[in-house]
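K.L.:
mmCIF, C-alpha atoms, saved as input_27.cif, coming up:
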data_target
#
loop_
_atom_site.group_PDB
_atom_site.id
_atom_site.type_symbol
_atom_site.label_atom_id
_atom_site.label_comp_id
_atom_site.auth_asym_id
_atom_site.auth_seq_id
_atom_site.Cartn_x
_atom_site.Cartn_y
_atom_site.Cartn_z
ATOM 1 C CA MET A 1 13.545 -125.051 -36.755
ATOM 2 C CA LEU A 2 16.917 -126.855 -36.616
ATOM 3 C CA LYS A 3 18.841 -123.595 -36.524
ATOM 4 C CA SER A 4 16.771 -122.176 -33.667
ATOM 5 C CA VAL A 5 17.254 -125.374 -31.640
ATOM 6 C CA ALA A 6 21.006 -125.316 -32.345
ATOM 7 C CA VAL A 7 21.298 -121.674 -31.297
ATOM 8 C CA GLN A 8 19.206 -122.201 -28.155
ATOM 9 C CA VAL A 9 21.103 -125.283 -26.993
ATOM 10 C CA ALA A 10 24.535 -123.870 -27.865
ATOM 11 C CA THR A 11 23.692 -120.666 -25.977
ATOM 12 C CA GLU A 12 22.674 -122.637 -22.889
ATOM 13 C CA ALA A 13 25.880 -124.693 -23.027
ATOM 14 C CA ALA A 14 27.966 -121.565 -23.643
ATOM 15 C CA THR A 15 26.469 -119.972 -20.533
ATOM 16 C CA LEU A 16 27.480 -123.010 -18.482
ATOM 17 C CA VAL A 17 31.018 -122.930 -19.928
ATOM 18 C CA ARG A 18 31.385 -119.168 -19.454
ATOM 19 C CA GLU A 19 30.265 -119.388 -15.818
ATOM 20 C CA ALA A 20 32.774 -122.181 -15.183
ATOM 21 C CA TRP A 21 35.525 -120.154 -16.887
ATOM 22 C CA GLU A 22 34.714 -117.116 -14.737
ATOM 23 C CA GLY A 23 34.693 -119.362 -11.667
ATOM 24 C CA MET A 24 38.146 -120.638 -12.559
ATOM 25 C CA ALA A 25 39.334 -117.033 -12.810
ATOM 26 C CA ASP A 26 38.076 -116.598 -9.240
ATOM 27 C CA GLY A 27 39.994 -119.661 -8.066
ATOM 28 C CA ARG A 28 37.524 -122.501 -8.541
ATOM 29 C CA ALA A 29 39.249 -125.781 -9.364
ATOM 30 C CA VAL A 30 38.159 -127.859 -12.341
ATOM 31 C CA ALA A 31 39.041 -131.518 -12.784
ATOM 32 C CA VAL A 32 41.287 -132.121 -15.809
ATOM 33 C CA GLY A 33 42.152 -135.394 -17.506
ATOM 34 C CA THR A 34 43.655 -136.514 -20.784
ATOM 35 C CA LYS A 35 42.318 -138.510 -23.711
ATOM 36 C CA SER A 36 44.748 -139.721 -26.388
ATOM 37 C CA GLY A 37 47.870 -138.119 -24.919
ATOM 38 C CA ALA A 38 49.254 -135.606 -22.444
ATOM 39 C CA THR A 39 48.363 -132.631 -24.648
ATOM 40 C CA ASP A 40 44.845 -133.862 -25.470
ATOM 41 C CA VAL A 41 43.045 -132.547 -22.390
ATOM 42 C CA VAL A 42 39.453 -132.857 -21.285
ATOM 43 C CA THR A 43 37.833 -131.115 -18.332
ATOM 44 C CA ALA A 44 34.851 -131.810 -16.143
ATOM 45 C CA VAL A 45 33.293 -128.772 -17.822
ATOM 46 C CA ASP A 46 33.623 -130.461 -21.242
ATOM 47 C CA HIS A 47 31.634 -133.380 -19.852
ATOM 48 C CA GLU A 48 29.059 -131.094 -18.168
ATOM 49 C CA SER A 49 28.594 -129.083 -21.350
ATOM 50 C CA GLU A 50 28.109 -132.169 -23.512
ATOM 51 C CA ARG A 51 25.684 -133.666 -20.986
ATOM 52 C CA LEU A 52 23.640 -130.438 -21.056
ATOM 53 C CA VAL A 53 23.573 -130.452 -24.863
ATOM 54 C CA ARG A 54 22.548 -134.110 -24.996
ATOM 55 C CA ASP A 55 19.804 -133.611 -22.396
ATOM 56 C CA ARG A 56 18.391 -130.526 -24.109
ATOM 57 C CA LEU A 57 18.460 -132.112 -27.563
ATOM 58 C CA ALA A 58 16.743 -135.223 -26.209
ATOM 59 C CA ALA A 59 13.977 -132.984 -24.855
ATOM 60 C CA LEU A 60 13.666 -130.745 -27.916
ATOM 61 C CA ARG A 61 14.417 -133.247 -30.710
ATOM 62 C CA PRO A 62 13.705 -136.713 -29.285
ATOM 63 C CA GLY A 63 15.098 -139.656 -31.180
ATOM 64 C CA GLU A 64 17.757 -137.749 -33.096
ATOM 65 C CA PRO A 65 21.245 -139.134 -32.502
ATOM 66 C CA VAL A 66 24.067 -137.073 -31.025
ATOM 67 C CA LEU A 67 27.710 -137.624 -31.901
ATOM 68 C CA GLY A 68 29.772 -135.961 -29.183
ATOM 69 C CA GLU A 69 33.492 -135.438 -28.808
ATOM 70 C CA GLU A 70 33.471 -136.782 -25.262
ATOM 71 C CA GLY A 71 30.534 -139.190 -25.246
ATOM 72 C CA GLY A 72 30.757 -140.644 -28.719
ATOM 73 C CA GLY A 73 27.705 -141.881 -30.534
ATOM 74 C CA ALA A 74 26.817 -142.814 -34.074
ATOM 75 C CA ALA A 75 25.265 -141.044 -37.015
ATOM 76 C CA GLY A 76 21.686 -141.851 -37.911
ATOM 77 C CA ASP A 77 19.823 -141.919 -41.196
ATOM 78 C CA GLY A 78 18.364 -138.430 -40.754
ATOM 79 C CA VAL A 79 19.517 -135.527 -38.628
ATOM 80 C CA THR A 80 22.585 -136.219 -36.472
ATOM 81 C CA TRP A 81 23.783 -133.574 -34.037
ATOM 82 C CA VAL A 82 27.581 -133.216 -33.808
ATOM 83 C CA VAL A 83 28.831 -131.650 -30.577
ATOM 84 C CA ASP A 84 32.160 -130.224 -29.460
ATOM 85 C CA PRO A 85 31.335 -129.166 -25.889
ATOM 86 C CA ILE A 86 34.350 -126.834 -25.650
ATOM 87 C CA ASP A 87 36.251 -126.119 -28.831
ATOM 88 C CA GLY A 88 39.503 -124.680 -27.501
ATOM 89 C CA THR A 89 39.766 -126.511 -24.183
ATOM 90 C CA VAL A 90 43.438 -125.543 -23.778
ATOM 91 C CA ASN A 91 42.562 -121.844 -24.128
ATOM 92 C CA PHE A 92 39.715 -122.384 -21.660
ATOM 93 C CA LEU A 93 42.142 -123.936 -19.153
ATOM 94 C CA TYR A 94 44.726 -121.167 -19.531
ATOM 95 C CA GLY A 95 42.134 -118.454 -18.972
ATOM 96 C CA LEU A 96 42.167 -117.265 -22.578
ATOM 97 C CA PRO A 97 38.797 -116.207 -24.000
ATOM 98 C CA TRP A 98 39.157 -117.984 -27.376
ATOM 99 C CA PHE A 99 36.927 -121.025 -27.017
ATOM 100 C CA ALA A 100 33.383 -121.892 -28.033
ATOM 101 C CA VAL A 101 30.643 -124.497 -27.897
#
Once you've parsed the file, please lay out its structure as structure tokens.
P.N.:
Amino acid sequence: MLKSVAVQVATEAATLVREAWEGMADGRAVAVGTKSGATDVVTAVDHESERLVRDRLAALRPGEPVLGEEGGGAAGDGVTWVVDPIDGTVNFLYGLPWFAV
């Protein structure tokens, strides 16, 4: 059950990220900020992806905590979902296809 939920939610988030990446290739602008330093970037798509994952997990697995790279959170006593909304954000920004949810 956990694996099927993880695959479903990751696939939905990956679709969102891929569509944004393709849009950027077509000239769509994406807001970019930094976290801990100039080379630690975060995009609006990172935030959108994590929000999608959190919303879907809340619907499919209510009450289970989510620890996200962008939104934080805390581990619980049972299942805790750990989310990196775009692993490889720099590649994503430079138009390189080596990134994942």
K.L.:
On this structure, the PyMOL selection byres ((chain A and resi 93) around 9) would catch which residues? List them as a PDB file with C-alpha atoms, in the coordinates of the input, sorted by chain and number.
P.N.:
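Contents of part_6.pdb, as written:
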ATOM      1  CA  TRP A  21      35.525-120.154 -16.887  1.00  0.00           C
ATOM      2  CA  MET A  24      38.146-120.638 -12.559  1.00  0.00           C
ATOM      3  CA  VAL A  30      38.159-127.859 -12.341  1.00  0.00           C
ATOM      4  CA  VAL A  32      41.287-132.121 -15.809  1.00  0.00           C
ATOM      5  CA  THR A  43      37.833-131.115 -18.332  1.00  0.00           C
ATOM      6  CA  GLY A  88      39.503-124.680 -27.501  1.00  0.00           C
ATOM      7  CA  THR A  89      39.766-126.511 -24.183  1.00  0.00           C
ATOM      8  CA  VAL A  90      43.438-125.543 -23.778  1.00  0.00           C
ATOM      9  CA  ASN A  91      42.562-121.844 -24.128  1.00  0.00           C
ATOM     10  CA  PHE A  92      39.715-122.384 -21.660  1.00  0.00           C
ATOM     11  CA  TYR A  94      44.726-121.167 -19.531  1.00  0.00           C
ATOM     12  CA  GLY A  95      42.134-118.454 -18.972  1.00  0.00           C
ATOM     13  CA  LEU A  96      42.167-117.265 -22.578  1.00  0.00           C
TER      14      LEU A  96
END
K.L.:
Separation of atom CA of Asp84 of chain A and atom CA of Gln8 of chain A, in Å?
P.N.:
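Atom CA of Gln8 of chain A lies 15.3 Å from atom CA of Asp84 of chain A.
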K.L.:
Of the candidates A:Gly72, A:Ala100, A:Val41, A:Ala29, which shows the shortest atom-to-atom distance to Ala13 of chain A, using all atoms listed in the file?
P.N.:
A:Ala100
K.L.:
Expand the PyMOL selection byres ((chain A and resi 60-63) around 10) into the explicit residue set it covers here, and present it as a list in words.
P.N.:
Leu2, Val5, Val9, Arg54, Asp55, Arg56, Leu57, Ala58, Ala59, Glu64, Pro65, Val66, Gly76, Val79, Thr80 and Trp81 of chain A
K.L.:
When you draw a straight line from atom CA of Gly68 of chain A to atom CA of Gly33 of chain A, how long is it in Å?
P.N.:
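Here the two named atoms are 17.0 Å from each other.
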K.L.:
Do a neighbour search on Val83 of chain A at 8 Å with only C-alpha atoms, toss out local chain neighbours closer than 4 positions, and write the hits as an NGL selection string.
P.N.:
:A and (50 or 53 or 66-69 or 101)
K.L.:
Tell me which of A:Asp77, A:Asp40, A:Ser4, A:Arg18 sits closest to Trp98 of chain A, counting only C-alpha atoms.
P.N.:
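Ranking A:Asp77, A:Asp40, A:Ser4, A:Arg18 by distance to Trp98 of chain A, first place goes to A:Arg18.
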K.L.:
Between atom CA of Glu19 of chain A and atom CA of Ala31 of chain A, what is the distance in Å, rounded to a tenth?
P.N.:
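So the two atoms, atom CA of Glu19 of chain A and atom CA of Ala31 of chain A, lie 15.3 Å apart.
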K.L.:
Could you name the residues that touch Arg51 of chain A at 9 Å or less, counting only C-alpha atoms, but leaving out those on the same chain fewer than 5 positions away, as a list in words?
P.N.:
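Close residues of Arg51 of chain A: Asp46, Arg56, Gly71 and Pro85 of chain A.
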